[in-house]
Structures are given as structure tokens and as C-alpha cells.
$ cat final_10.txt   # compact mmCIF, C-alpha atoms and all ligand atoms
# COMPACT_ATOMS: atom_id res chain seq x y z
CA MET A 1 -64.31 111.49 18.47
CA PRO A 2 -60.93 110.15 19.43
CA ARG A 3 -59.99 107.08 17.41
CA PRO A 4 -59.61 103.97 19.51
CA ALA A 5 -56.00 103.15 20.15
CA LYS A 6 -54.70 100.28 18.01
CA VAL A 7 -54.34 97.17 20.11
CA ALA A 8 -51.11 95.44 19.26
CA LYS A 9 -51.54 91.75 18.45
CA PRO A 10 -49.85 89.71 21.15
CA GLN A 11 -46.73 88.06 19.72
CA VAL A 12 -46.80 84.31 20.00
CA ALA A 13 -43.41 83.64 21.47
CA VAL A 14 -43.58 79.85 21.41
CA LYS A 15 -44.82 78.29 18.19
CA ALA A 16 -45.77 74.62 18.10
CA ALA A 17 -46.37 72.78 14.82
CA LYS A 18 -49.83 71.53 13.88
CA ALA A 19 -50.15 67.73 13.80
CA ASP A 20 -51.41 67.79 10.20
CA ASP A 21 -48.86 70.26 8.86
CA LEU A 22 -45.37 69.47 10.05
CA GLU A 23 -42.16 70.32 8.31
CA ILE A 24 -40.52 66.96 7.70
CA PHE A 25 -36.77 66.90 7.14
CA LEU A 26 -35.10 64.00 5.35
CA VAL A 27 -31.41 63.84 6.25
CA ALA A 28 -29.29 63.17 3.16
CA THR A 29 -25.76 61.90 2.72
CA PRO A 30 -23.91 65.08 1.66
CA GLY A 31 -23.84 65.06 -2.15
CA LEU A 32 -26.95 62.87 -2.52
CA GLU A 33 -29.61 65.51 -1.81
CA LEU A 34 -30.82 65.61 -5.42
CA PRO A 35 -31.52 61.89 -5.95
CA LEU A 36 -33.15 61.86 -2.51
CA TRP A 37 -35.44 64.68 -3.62
CA GLU A 38 -36.23 62.75 -6.80
CA GLU A 39 -37.09 59.68 -4.76
CA ALA A 40 -39.39 61.68 -2.45
CA LYS A 41 -41.19 63.13 -5.48
CA ALA A 42 -41.52 59.72 -7.09
CA LEU A 43 -43.17 58.49 -3.87
CA HIS A 44 -45.67 61.40 -4.07
CA PHE A 45 -44.53 63.33 -1.02
CA LYS A 46 -45.80 66.92 -1.10
CA ASN A 47 -43.73 70.10 -1.33
CA ALA A 48 -40.39 68.31 -1.55
CA LYS A 49 -37.56 70.85 -1.58
CA VAL A 50 -33.80 70.40 -1.62
CA VAL A 51 -32.12 72.28 1.24
CA PRO A 52 -28.55 72.08 2.56
CA GLY A 53 -28.09 68.65 4.12
CA GLY A 54 -31.35 67.14 2.96
CA VAL A 55 -34.85 67.48 1.67
CA THR A 56 -37.89 69.08 3.34
CA LEU A 57 -41.48 67.92 2.91
CA ARG A 58 -44.75 68.91 4.51
CA GLY A 59 -47.35 66.62 5.96
CA GLY A 60 -48.90 65.10 9.03
CA TRP A 61 -47.68 62.26 11.23
CA GLN A 62 -48.83 59.64 8.73
CA GLU A 63 -46.47 61.19 6.19
CA VAL A 64 -43.70 60.99 8.78
CA TRP A 65 -44.37 57.26 9.20
CA ARG A 66 -44.59 56.75 5.44
CA ALA A 67 -41.30 58.60 4.87
CA ASN A 68 -39.58 56.28 7.35
CA LEU A 69 -41.22 53.22 5.83
CA GLU A 70 -40.84 53.92 2.11
CA ILE A 71 -37.93 56.25 1.39
CA ARG A 72 -34.77 54.29 0.66
CA GLY A 73 -32.28 57.13 0.48
CA ALA A 74 -32.79 59.15 3.70
CA GLY A 75 -30.47 58.63 6.67
CA ARG A 76 -33.20 59.66 9.10
CA VAL A 77 -36.48 61.58 9.21
CA LEU A 78 -36.87 64.56 11.55
CA ALA A 79 -40.19 66.22 12.38
CA ARG A 80 -40.00 69.93 13.24
CA ILE A 81 -42.35 70.38 16.17
CA GLY A 82 -41.84 74.05 16.98
CA GLU A 83 -39.66 77.07 17.41
CA PHE A 84 -39.11 80.16 19.51
CA ARG A 85 -36.58 82.97 19.81
CA ALA A 86 -34.25 83.05 22.78
CA MET A 87 -31.67 85.76 23.38
CA HIS A 88 -30.38 84.44 26.68
CA LEU A 89 -30.62 81.33 28.81
CA ALA A 90 -33.27 82.65 31.21
CA GLN A 91 -35.57 83.37 28.27
CA LEU A 92 -34.81 79.97 26.76
CA ASP A 93 -35.65 78.35 30.09
CA LYS A 94 -38.99 80.19 30.31
CA ARG A 95 -40.00 79.44 26.72
CA ALA A 96 -38.87 75.81 26.85
CA ARG A 97 -41.13 75.41 29.90
CA LYS A 98 -44.06 76.93 27.98
CA PHE A 99 -43.65 74.60 25.01
CA PRO A 100 -46.53 72.08 24.79
CA TRP A 101 -44.33 68.98 25.13
CA GLY A 102 -47.36 66.86 25.99
CA ASP A 103 -48.73 67.34 22.46
CA PHE A 104 -45.77 65.39 21.09
CA LEU A 105 -44.02 63.37 23.80
CA LYS A 106 -45.33 60.88 26.34
CA ALA A 107 -44.63 61.33 30.02
CA ASP A 108 -43.78 57.63 30.42
CA VAL A 109 -41.23 57.51 27.58
CA PRO A 110 -37.66 58.65 28.36
CA VAL A 111 -36.16 61.36 26.14
CA ARG A 112 -32.67 62.39 25.10
CA VAL A 113 -31.95 66.01 24.20
CA GLU A 114 -29.25 67.20 21.80
CA ALA A 115 -28.56 70.88 21.13
CA THR A 116 -26.34 72.81 18.73
CA CYS A 117 -25.74 76.58 18.59
CA LYS A 118 -24.68 78.67 15.62
CA ALA A 119 -24.38 82.46 15.23
CA SER A 120 -26.48 83.04 18.37
CA ARG A 121 -26.21 84.92 21.61
CA ILE A 122 -26.65 81.58 23.35
CA TYR A 123 -23.46 79.79 22.39
CA HIS A 124 -23.15 77.08 25.02
CA SER A 125 -24.98 74.07 23.59
CA GLY A 126 -24.55 72.08 26.81
CA ALA A 127 -26.24 74.79 28.87
CA ALA A 128 -29.06 75.10 26.30
CA ALA A 129 -29.63 71.32 26.27
CA GLN A 130 -29.71 71.37 30.06
CA ARG A 131 -32.56 73.93 30.08
CA PHE A 132 -34.58 71.80 27.65
CA LYS A 133 -33.98 68.67 29.71
CA THR A 134 -35.17 70.42 32.84
CA ALA A 135 -38.26 71.77 31.05
CA ILE A 136 -39.21 68.33 29.70
CA ARG A 137 -38.57 66.63 33.04
CA GLU A 138 -40.38 69.19 35.20
CA GLU A 139 -43.22 70.30 32.91
CA LEU A 140 -44.01 66.99 31.18
CA GLY A 141 -42.73 64.57 33.78
CA ALA A 142 -40.68 62.46 31.32
CA SER A 143 -37.32 61.16 32.41
CA ILE A 144 -34.14 62.08 30.57
CA ALA A 145 -31.81 59.27 29.55
CA ASP A 146 -28.77 59.01 27.27
CA ASP A 147 -30.03 55.74 25.77
CA ALA A 148 -33.63 56.96 25.25
CA LYS A 149 -35.40 55.84 22.06
CA VAL A 150 -36.83 59.33 21.53
CA VAL A 151 -34.37 62.13 20.74
CA VAL A 152 -35.31 65.82 20.75
CA LYS A 153 -32.92 67.85 18.63
CA VAL A 154 -32.65 71.58 19.23
CA ARG A 155 -30.85 73.81 16.77
CA ILE A 156 -30.20 77.39 17.82
CA GLU A 157 -29.29 79.55 14.85
CA ASP A 158 -29.48 83.35 14.72
CA ASP A 159 -31.17 83.21 18.16
CA LEU A 160 -33.98 81.01 16.82
CA CYS A 161 -34.46 77.66 18.60
CA THR A 162 -35.87 75.05 16.22
CA ILE A 163 -37.14 71.94 17.95
CA SER A 164 -37.28 68.62 16.08
CA ILE A 165 -37.89 65.02 16.99
CA ASP A 166 -35.83 62.31 15.37
CA THR A 167 -38.66 60.02 14.29
CA SER A 168 -36.41 57.26 12.93
CA GLY A 169 -34.37 56.12 15.90
CA GLU A 170 -31.59 53.95 14.52
CA SER A 171 -30.22 55.27 11.23
CA LEU A 172 -32.42 54.24 8.30
CA HIS A 173 -29.64 52.40 6.48
CA LYS A 174 -30.28 49.73 9.09
CA ARG A 175 -33.14 48.01 7.36
CA GLY A 176 -33.12 45.22 9.93
CA HIS A 177 -31.95 42.41 7.61
CA LYS A 178 -28.20 42.83 7.36
CA GLN A 179 -26.80 41.29 10.48
CA GLU A 180 -23.48 40.50 8.85
CA ILE A 181 -21.28 43.07 7.19
CA GLY A 182 -17.93 42.92 5.40
CA LYS A 183 -14.85 45.11 5.64
CA ALA A 184 -16.09 48.26 3.92
CA PRO A 185 -19.83 47.99 3.46
CA MET A 186 -21.86 50.47 1.49
CA ARG A 187 -24.80 51.92 3.38
CA GLU A 188 -28.13 50.70 2.04
CA THR A 189 -29.35 54.32 1.81
CA MET A 190 -26.40 55.26 -0.41
CA ALA A 191 -26.59 52.07 -2.45
CA ALA A 192 -30.26 52.76 -3.24
CA LEU A 193 -29.49 56.29 -4.41
CA PHE A 194 -26.49 55.16 -6.48
CA LEU A 195 -28.81 52.66 -8.19
CA ARG A 196 -31.26 55.52 -8.84
CA LEU A 197 -28.46 57.72 -10.25
CA CYS A 198 -27.58 54.82 -12.57
CA GLY A 199 -31.15 54.90 -13.88
CA PHE A 200 -32.14 51.59 -12.24
CA THR A 201 -35.90 51.18 -11.88
CA GLY A 202 -36.15 47.46 -11.13
CA ALA A 203 -36.66 46.32 -14.70
CA GLU A 204 -33.13 45.19 -15.62
CA PRO A 205 -30.68 42.68 -14.16
CA VAL A 206 -27.92 43.89 -11.86
CA VAL A 207 -24.46 42.38 -11.38
CA ASP A 208 -22.07 43.35 -8.57
CA PRO A 209 -18.79 41.46 -9.10
CA MET A 210 -17.32 42.65 -5.75
CA CYS A 211 -20.47 42.35 -3.71
CA GLY A 212 -19.07 42.22 -0.15
CA SER A 213 -22.14 41.79 2.06
CA GLY A 214 -24.47 42.07 -0.96
CA THR A 215 -25.82 45.57 -0.40
CA PHE A 216 -26.33 46.62 -4.04
CA VAL A 217 -27.78 43.29 -5.10
CA ILE A 218 -30.23 43.13 -2.19
CA GLU A 219 -31.33 46.77 -2.60
CA ALA A 220 -31.84 46.19 -6.34
CA ALA A 221 -33.94 43.07 -5.73
CA GLU A 222 -36.03 44.85 -3.07
CA ILE A 223 -36.69 47.77 -5.44
CA ALA A 224 -37.72 45.36 -8.21
CA MET A 225 -40.02 43.47 -5.83
CA GLY A 226 -41.68 46.65 -4.54
CA LEU A 227 -40.67 45.90 -0.95
CA LYS A 228 -40.79 48.75 1.56
CA PRO A 229 -37.32 49.31 3.01
CA GLY A 230 -38.58 49.86 6.59
CA ARG A 231 -40.92 46.86 6.65
CA SER A 232 -38.98 44.88 9.29
CA ARG A 233 -37.73 47.46 11.76
CA GLU A 234 -38.82 49.57 14.66
CA PHE A 235 -38.96 53.39 14.55
CA ALA A 236 -38.77 56.07 17.24
CA PHE A 237 -42.16 57.50 16.13
CA GLU A 238 -43.79 54.42 17.66
CA TYR A 239 -43.02 55.99 21.06
CA LEU A 240 -44.59 59.39 20.37
CA LYS A 241 -47.96 60.75 21.46
CA SER A 242 -49.22 60.82 17.85
CA PHE A 243 -48.65 57.09 17.29
CA ASP A 244 -51.64 54.97 16.32
CA ALA A 245 -50.67 51.29 16.26
CA LYS A 246 -53.66 50.19 14.18
CA ALA A 247 -53.17 52.82 11.48
CA TRP A 248 -49.45 52.00 11.39
CA GLN A 249 -50.14 48.28 10.97
CA GLN A 250 -52.38 49.08 8.02
CA MET A 251 -49.75 51.28 6.44
CA ARG A 252 -47.00 48.75 6.97
CA ALA A 253 -49.05 45.79 5.75
CA ALA A 254 -47.18 44.15 2.92
CA ARG A 255 -48.28 45.03 -0.57
CA PRO A 256 -48.45 42.06 -2.93
CA ILE A 257 -44.87 41.35 -3.90
CA VAL A 258 -44.06 42.02 -7.51
CA LYS A 259 -42.33 39.04 -9.10
CA PRO A 260 -39.38 40.59 -10.93
CA SER A 261 -38.84 39.58 -14.52
CA VAL A 262 -35.05 39.66 -14.05
CA ARG A 263 -32.54 38.45 -11.45
CA PHE A 264 -29.84 40.13 -9.35
CA PHE A 265 -26.34 38.69 -9.08
CA GLY A 266 -23.43 39.18 -6.73
CA SER A 267 -20.00 37.61 -6.61
CA ASP A 268 -16.88 38.13 -4.55
CA HIS A 269 -13.57 36.29 -4.30
CA ASP A 270 -14.07 35.99 -0.58
CA ALA A 271 -16.08 32.94 0.55
CA GLY A 272 -17.14 34.73 3.73
CA ALA A 273 -18.61 37.62 1.74
CA VAL A 274 -20.66 35.23 -0.39
CA ARG A 275 -21.95 33.39 2.68
CA MET A 276 -22.86 36.74 4.30
CA SER A 277 -24.62 38.01 1.18
CA LYS A 278 -26.72 34.85 0.95
CA ALA A 279 -27.72 35.08 4.62
CA ASN A 280 -28.56 38.79 4.26
CA ALA A 281 -30.63 38.14 1.12
CA GLU A 282 -32.48 35.34 2.91
CA ARG A 283 -33.36 37.62 5.83
CA ALA A 284 -34.48 40.38 3.46
CA GLY A 285 -36.82 37.96 1.67
CA VAL A 286 -35.12 38.36 -1.71
CA ALA A 287 -33.27 35.03 -1.90
CA ASP A 288 -35.52 33.68 -4.69
CA PHE A 289 -34.49 36.49 -7.03
CA THR A 290 -30.81 36.83 -6.14
CA ALA A 291 -27.79 34.58 -6.65
CA PHE A 292 -24.33 34.84 -5.08
CA GLN A 293 -21.18 33.02 -6.13
CA GLN A 294 -17.57 32.89 -5.04
CA LEU A 295 -15.66 34.19 -8.08
CA ALA A 296 -12.50 36.18 -8.71
CA ILE A 297 -12.96 39.15 -11.04
CA SER A 298 -11.35 37.22 -13.90
CA GLU A 299 -14.07 34.52 -13.64
CA VAL A 300 -17.13 36.79 -13.78
CA ALA A 301 -19.44 36.48 -16.80
CA PRO A 302 -22.82 38.07 -17.57
CA PRO A 303 -25.89 36.04 -16.71
CA GLU A 304 -28.08 34.74 -19.52
CA GLY A 305 -30.80 37.11 -20.65
CA PRO A 306 -30.95 40.83 -21.40
CA PRO A 307 -28.11 43.20 -20.49
CA GLY A 308 -28.51 45.52 -17.53
CA LEU A 309 -26.40 47.32 -14.95
CA VAL A 310 -23.04 46.40 -13.42
CA VAL A 311 -22.64 48.29 -10.16
CA VAL A 312 -19.45 47.93 -8.19
CA ASN A 313 -17.65 49.47 -5.27
CA PRO A 314 -14.13 48.04 -5.51
CA PRO A 315 -11.69 48.31 -2.62
CA TYR A 316 -9.80 51.61 -2.57
CA GLY A 317 -6.48 52.44 -1.00
CA ALA A 318 -7.52 54.66 1.85
CA ARG A 319 -9.69 51.90 3.28
CA ILE A 320 -8.18 48.53 2.47
CA GLY A 321 -4.96 47.32 0.87
CA ASP A 322 -2.30 49.22 -1.05
CA ARG A 323 -1.88 50.85 -4.45
CA LYS A 324 -0.18 48.66 -7.10
CA PRO A 325 -2.40 45.62 -6.55
CA LEU A 326 -5.40 47.97 -6.58
CA THR A 327 -4.42 49.45 -9.93
CA ASP A 328 -3.99 45.92 -11.34
CA LEU A 329 -7.33 44.87 -9.89
CA HIS A 330 -9.11 47.83 -11.50
CA ALA A 331 -7.41 47.10 -14.84
CA ALA A 332 -8.55 43.45 -14.59
CA LEU A 333 -12.10 44.59 -13.77
CA GLY A 334 -12.17 46.92 -16.79
CA ASP A 335 -10.71 44.27 -19.14
CA MET A 336 -13.26 41.70 -18.01
CA LEU A 337 -16.22 44.09 -18.41
CA LEU A 338 -15.07 45.34 -21.83
CA ALA A 339 -14.54 41.80 -23.05
CA ARG A 340 -17.76 40.21 -21.74
CA PHE A 341 -20.37 42.80 -20.80
CA SER A 342 -21.27 44.28 -24.17
CA GLY A 343 -24.58 46.19 -23.97
CA TRP A 344 -24.36 46.63 -20.16
CA ARG A 345 -23.92 49.94 -18.35
CA VAL A 346 -21.39 50.27 -15.54
CA GLY A 347 -21.62 52.33 -12.33
CA LEU A 348 -18.40 52.34 -10.29
CA ILE A 349 -18.03 54.03 -6.92
CA THR A 350 -14.55 54.98 -5.79
CA SER A 351 -12.70 57.64 -3.81
CA ASP A 352 -9.84 57.52 -6.29
CA ALA A 353 -10.32 58.89 -9.80
CA ALA A 354 -6.97 57.36 -10.88
CA LEU A 355 -8.29 53.90 -10.02
CA ALA A 356 -11.45 54.55 -12.04
CA LYS A 357 -9.18 55.56 -14.93
CA ALA A 358 -7.13 52.38 -14.50
CA THR A 359 -10.18 50.33 -15.53
CA GLY A 360 -9.93 51.75 -19.08
CA LEU A 361 -13.74 51.99 -19.12
CA PRO A 362 -15.33 54.83 -21.15
CA PHE A 363 -16.68 56.81 -18.19
CA LEU A 364 -18.82 59.88 -18.70
CA GLN A 365 -18.56 62.92 -16.42
CA PRO A 366 -18.36 61.62 -12.80
CA SER A 367 -20.82 62.69 -10.10
CA ALA A 368 -20.08 65.43 -7.58
CA PRO A 369 -18.21 64.21 -4.46
CA ILE A 370 -20.28 62.25 -1.96
CA ALA A 371 -19.32 61.68 1.68
CA HIS A 372 -18.72 58.02 2.54
CA GLY A 373 -17.05 56.68 5.65
CA GLY A 374 -14.82 59.72 6.24
CA LEU A 375 -13.85 59.83 2.56
CA SER A 376 -15.26 61.46 -0.50
CA VAL A 377 -16.39 59.11 -3.28
CA GLN A 378 -17.70 59.68 -6.79
CA LEU A 379 -19.95 57.67 -9.06
CA PHE A 380 -18.35 56.94 -12.44
CA GLN A 381 -20.83 55.80 -15.08
CA THR A 382 -20.57 54.51 -18.62
CA GLY A 383 -23.22 54.34 -21.29
CA LYS A 384 -23.91 50.90 -22.80
CA LEU A 385 -20.57 49.17 -23.40
CA LYS A 386 -19.80 48.31 -27.04
C1 LIG B 401 -15.44 47.85 -0.77
S1 LIG B 401 -15.85 46.16 -0.70
C2 LIG B 401 -17.48 46.13 -1.39
C3 LIG B 401 -18.52 46.36 -0.36
C4 LIG B 401 -19.89 46.08 -0.82
N1 LIG B 401 -20.35 47.06 -1.78
C5 LIG B 401 -20.83 46.05 0.41
O1 LIG B 401 -21.74 46.86 0.48
O2 LIG B 401 -20.62 45.24 1.29
C6 LIG B 401 -14.88 45.44 -1.98
C7 LIG B 401 -15.07 43.96 -2.16
O3 LIG B 401 -14.26 43.53 -3.26
C8 LIG B 401 -13.85 42.19 -3.02
N2 LIG B 401 -12.70 41.88 -3.87
C9 LIG B 401 -11.44 42.36 -3.77
N3 LIG B 401 -10.65 41.82 -4.73
C10 LIG B 401 -11.43 41.01 -5.48
C11 LIG B 401 -11.20 40.17 -6.62
N4 LIG B 401 -9.99 40.08 -7.18
N5 LIG B 401 -12.23 39.47 -7.12
C12 LIG B 401 -13.46 39.55 -6.56
N6 LIG B 401 -13.73 40.31 -5.47
C13 LIG B 401 -12.73 41.02 -4.94
C14 LIG B 401 -13.55 42.18 -1.53
O4 LIG B 401 -13.63 40.86 -1.00
C15 LIG B 401 -14.64 43.11 -0.96
O5 LIG B 401 -15.75 42.37 -0.49

$ encode --input "final_10.txt" --output "C-alpha cells"
Amino acid sequence: MPRPAKVAKPQVAVKAAKADDLEIFLVATPGLELPLWEEAKALHFKNAKVVPGGVTLRGGWQEVWRANLEIRGAGRVLARIGEFRAMHLAQLDKRARKFPWGDFLKADVPVRVEATCKASRIYHSGAAAQRFKTAIREELGASIADDAKVVVKVRIEDDLCTISIDTSGESLHKRGHKQEIGKAPMRETMAALFLRLCGFTGAEPVVDPMCGSGTFVIEAAEIAMGLKPGRSREFAFEYLKSFDAKAWQQMRAARPIVKPSVRFFGSDHDAGAVRMSKANAERAGVADFTAFQQLAISEVAPPEGPPGLVVVNPPYGARIGDRKPLTDLHAALGDMLLARFSGWRVGLITSDAALAKATGLPFLQPSAPIAHGGLSVQLFQTGKLK
């Protein structure tokens, strides 16, 4: 008897992710992938893996919301919603039209589309984005707008189109409390991960003697109080098909605030910076556990109580001011800390290793370079000062 011919399995050309098993991508500041991974693991996210540019997790939409709400160190959270191969634009057009957009997007919510191409036969990102826009507009019925709250990001690499939704919206360093910023502010996301790299867990006091808009001090107080970083802001995922307002309210509901056993201190020689820090701390709900004072470096002294962590991001040449006064300022900072902060650890962030050296502080091996505002900075840490 002739054997029945093998029926080839039809190839699924367009793959859409399952709502309960998405690949979730946390965008990291280059150089801070590892502490971000550590944070994700500490928050019990599953399958956290370090990959170039960030950390991947797996989970459903509730994990996407929780990542946005609870992770301090991610710049944004992307949800991978599907993929397909496309060798040329006509194929991309056909497959983009087949994609089940309605499973993820809402027809009455405008969408923006961004596309990038790398090592692919389709090399014109504008033309690729155009095909996706047309597919979403004509197949789903959603309008396309440059200022849309929902952004679909398409990456075409080695002829594979990966489709993600940016579930955060505004960058996650915007916690929604800091309306006033100084000359060279540190992003909240970076500040939180620098605190983590310094071993801060919320149980020791923190002093920032050049606090600017108060970023380190406010992040430290929030960590100690167990506040969720995204508690006050809106997210793009609230405009997606999967959003459930009631479940989100439950997730976001404030946990009982932990009353920290220690306090968090900032000072700056600039009166405006101190005023800003106080207003930002007030808005963040940490004013009761923080204190800000107008002080020059030479006037700073440790608060009463146990030693803890000094974390500081002094001005550096490429951003503000010029060199000789900066060297003197760093020397004055080091002298003050060595004279008065016995038993404290120091974490100093600078783009200029020579300025770190000018402090005279006994720094250990500095961190790898980390991108910050067009520059590359490093974290210099000491052990407990003698
Ligand atoms: C790079 S900014 C710090 C930014 C801060 N980390 C933030 O997130 O906003 C450096 C700060 O050092 C302060 N500063 C400069 N010279 C100082 C001095 N001699 N004493 C105290 N503060 C000083 C500046 O006013 C400025 O706010």
C-alpha cells in the first residue's frame, strides 16, 4: 500500500504573543543593565535576563503594569506583541495587515509607529513604518498621530520584524513629582540604580551635599518608605485593549507606608536648589523624612545618629563651569568628608576620573562607564571612611 504523503505543517507567518506570556523588555541606561536585572529579581519578576540594552522578563499584562509601577531603574517597559519575517515591502504590507492589531490596540485610540531596520533586505525604515501605519489605520481603524499616547515600535533585524508596544509612555524617570529641576539633574532611574550599586537598601541615612533638585535624597527616602515609583503617574498601557481599570487600581493601591528609622539629607550652596528640593520632596510625599539646607561644601557635617552613605554628583567640566575651580571644589569635598564623615561610605558620580582623584578619597575600583546626558560617567565608591 502506498504510504500517505506527508502533509507539511502550514508555517505560521505572523506570530502574535499570548496575553499571559509576553516578552517584556526593560530598557536600561547603557552600563546599568546589571543592577536593573538585580532589581527585577529582587521584585520577583520571572525569567529576568540581561540582554544588550536592557533586561527581558516574561509575564502577562499584569506583570507589564507591575514593572512600570514598581521598577525604579528602567527607562521604559516594552511589551513584545509579535513578529514575522519580511523580505520585501509587499510581503511586509501583507503580513502587517494580517497581524491581529485588535487583540492589543483599540480602534478609538490614536497610535504612533516607529521603525528601525538593521541587516535586512528592507532597509528603508520610513517606508516600513508607512506600511505598518497603513495596516493599523485600514485594518483596525485607529488613527495615526505623531503625538499619540500609544507607540508601536517595529524593529527589523535580519529580515525579522519584531513588534513591540511602549507600555510606559513618558520615560519612567518622570515619576510625576519633580516639576522643578536644576542645571544638571540626575535621572531618577539612574539615581535609584546608583543607590543600589552603593548597597543602599533603605536602612541607613543618606547625605547628598550637592543635592541640586534633590534626586538622590528623594529616591532614597522613597525606597526606605516602600513607595512605588510609578504611584502618581499615567502610563501608556492604560490605553491598550488589555487594560482593566479596576485591577490596576487594586495593584496601584498604596501599601502601608513604612516609617523609616533614619532620615535623608540634602544640601546645596544654591538657595534655588534647596527650595526646589523641598518642593519636590513635598510632592513626592517624603518631606517628613527628608531635610534640605543651604550649605557650602565647607559647612556640611554628618547628621546625628548612625553613619550611612554619602552620595554625590558634583558638577563636572563638560557640563558646567571650568577646571581649576572644579579641582579645588573636589579637593574641598574630599577634605570635608575625610575630616567629618568617619564610618560613612561615599559614592561619587563623575565623568572625570581626575576630579574623583582630586578628592583624595580612598576609592575602590570604579564602575564601568555609564551613559549620562551625552557623557560617560562612572561611580567611584569608598569603603567605610576611617
Ligand atoms: C550636577 S549638580 C547635582 C545634581 C543633582 N544630583 C540632581 O539630581 O539634581 C551639582 C550641584 O552642586 C552644587 N554645588 C556646586 N558647588 C557647590 C559648593 N561649593 N557647595 C555646595 N554645593 C555646590 C550646584 O549648585 C549643583 O546643584

$ closest_residue --input "final_10.txt" --among "A:Val27, A:Ala271, A:Ala40, A:Ala115" --to "ligand LIG 401 (chain B)" --atoms "all atoms listed in the file"
A:Ala271

$ closest_residue --input "final_10.txt" --among "A:Leu57, A:Ala273, A:Met87, A:Ala253" --to "ligand LIG 401 (chain B)" --atoms "all atoms listed in the file"
A:Ala273

$ atom_distance --input "final_10.txt" --atom1 "atom O3 of ligand LIG 401 (chain B)" --atom2 "CA of Asp208 (chain A)"
9.4 Å

$ closest_atom_pairs --input "final_10.txt" --of "chain A" --to "ligand LIG 401 (chain B)" --cutoff "9 Å" --atoms "all atoms listed in the file" --output "CSV"
residue,atom,partner,partner_atom,distance
A:Ile181,CA,B:LIG401,O2,6.3
A:Gly182,CA,B:LIG401,O2,5.4
A:Lys183,CA,B:LIG401,S1,6.5
A:Ala184,CA,B:LIG401,C1,4.8
A:Pro185,CA,B:LIG401,O2,3.6
A:Met186,CA,B:LIG401,O1,3.8
A:Arg187,CA,B:LIG401,O1,6.6
A:Glu188,CA,B:LIG401,O1,7.6
A:Ala191,CA,B:LIG401,O1,7.7
A:Asp208,CA,B:LIG401,N1,7.9
A:Pro209,CA,B:LIG401,C12,6.2
A:Met210,CA,B:LIG401,O3,4.0
A:Cys211,CA,B:LIG401,C4,4.8
A:Gly212,CA,B:LIG401,O5,3.3
A:Ser213,CA,B:LIG401,O2,3.8
A:Gly214,CA,B:LIG401,O2,5.5
A:Thr215,CA,B:LIG401,O1,4.4
A:Phe216,CA,B:LIG401,N1,6.4
A:Val217,CA,B:LIG401,O1,9.0
A:Ser267,CA,B:LIG401,C12,6.8
A:Asp268,CA,B:LIG401,N6,3.9
A:His269,CA,B:LIG401,C12,4.0
A:Asp270,CA,B:LIG401,O4,4.9
A:Ala271,CA,B:LIG401,O4,8.4
A:Gly272,CA,B:LIG401,O4,8.5
A:Ala273,CA,B:LIG401,O5,6.0
A:Val274,CA,B:LIG401,O5,8.7
A:Ser277,CA,B:LIG401,O2,8.3
A:Gln294,CA,B:LIG401,C12,8.0
A:Leu295,CA,B:LIG401,C12,6.0
A:Ala296,CA,B:LIG401,N5,3.7
A:Ile297,CA,B:LIG401,N5,4.0
A:Ser298,CA,B:LIG401,N5,7.2
A:Glu299,CA,B:LIG401,N5,8.4
A:Val300,CA,B:LIG401,C12,8.6
A:Val311,CA,B:LIG401,N1,8.8
A:Val312,CA,B:LIG401,N1,6.5
A:Asn313,CA,B:LIG401,N1,5.0
A:Pro314,CA,B:LIG401,C6,4.4
A:Pro315,CA,B:LIG401,C1,4.2
A:Tyr316,CA,B:LIG401,C1,7.0
A:Arg319,CA,B:LIG401,C1,8.1
A:Ile320,CA,B:LIG401,C1,8.0
A:Leu326,CA,B:LIG401,N3,8.3
A:Leu329,CA,B:LIG401,N4,6.1
A:His330,CA,B:LIG401,N4,8.9
A:Ala332,CA,B:LIG401,N4,8.3
A:Leu333,CA,B:LIG401,N4,8.3
A:Ile349,CA,B:LIG401,N1,9.0
A:Thr350,CA,B:LIG401,C1,8.8

$ residues_around --input "final_10.txt" --residues "region 16-18 of chain A" --least-positions-apart "5" --cutoff "12 Å" --atoms "all atoms listed in the file" --output "list in words"
Glu23, Ile24, Arg58, Gly59, Gly60, Trp61, Ala79, Arg80, Ile81, Gly82, Glu83, Phe84, Arg95, Ala96, Lys98, Phe99, Pro100, Trp101, Gly102, Asp103, Phe104, Cys161, Thr162, Ile163, Ser164, Ile165 and Ser242 of chain A

$ atom_distance --input "final_10.txt" --atom1 "CA of Lys106 (chain A)" --atom2 "CA of Lys241 (chain A)"
5.5 Å

$ closest_atom_pairs --input "final_10.txt" --of "region 16-134 of chain A" --to "region 138-158 of chain A" --cutoff "6 Å" --atoms "only C-alpha atoms" --output "tab-separated table"
residue	atom	partner	partner_atom	distance
A:Ala107	CA	A:Ala142	CA	4.3
A:Asp108	CA	A:Ala142	CA	5.8
A:Pro110	CA	A:Ser143	CA	4.8
A:Val111	CA	A:Ile144	CA	4.9
A:Arg112	CA	A:Val151	CA	4.7
A:Val113	CA	A:Val152	CA	4.8
A:Glu114	CA	A:Lys153	CA	4.9
A:Ala115	CA	A:Val154	CA	4.6
A:Thr116	CA	A:Arg155	CA	5.0
A:Cys117	CA	A:Ile156	CA	4.6
A:Lys118	CA	A:Glu157	CA	4.8
A:Ala119	CA	A:Asp158	CA	5.2
A:Ser120	CA	A:Asp158	CA	4.7
A:Thr134	CA	A:Glu138	CA	5.9

$ atom_distance --input "final_10.txt" --atom1 "CA of Phe264 (chain A)" --atom2 "CA of Gly374 (chain A)"
29.2 Å

$ residues_around --input "final_10.txt" --residues "Ala356 (chain A)" --least-positions-apart "5" --cutoff "10 Å" --atoms "only C-alpha atoms" --output "list in words"
Pro314, Thr327, His330, Ala331, Gly334, Leu348, Ile349, Thr350, Ser351, Leu361, Pro362, Phe363, Pro366, Gln378, Leu379, Phe380 and Gln381 of chain A

$ axis_aligned_box --input "final_10.txt" --around "region 254-268 of chain A" --padding-each-side "3 Å" --output "lines of an AutoDock Vina configuration file"
center_x = -32.7
center_y = 41.3
center_z = -5.8
size_x = 37.6
size_y = 13.4
size_z = 23.4

$ closest_residue --input "final_10.txt" --among "A:Leu338, A:Ala284, A:Val50, A:Ala90" --to "Gln179 (chain A)" --atoms "only C-alpha atoms"
A:Ala284

$ closest_residue --input "final_10.txt" --among "A:Val55, A:Ile71, A:Ala301, A:Ala358" --to "Thr189 (chain A)" --atoms "all atoms listed in the file"
A:Ile71

$ residues_around --input "final_10.txt" --residues "Arg233 (chain A)" --least-positions-apart "2" --cutoff "9 Å" --atoms "only C-alpha atoms" --output "count of residues only"
9
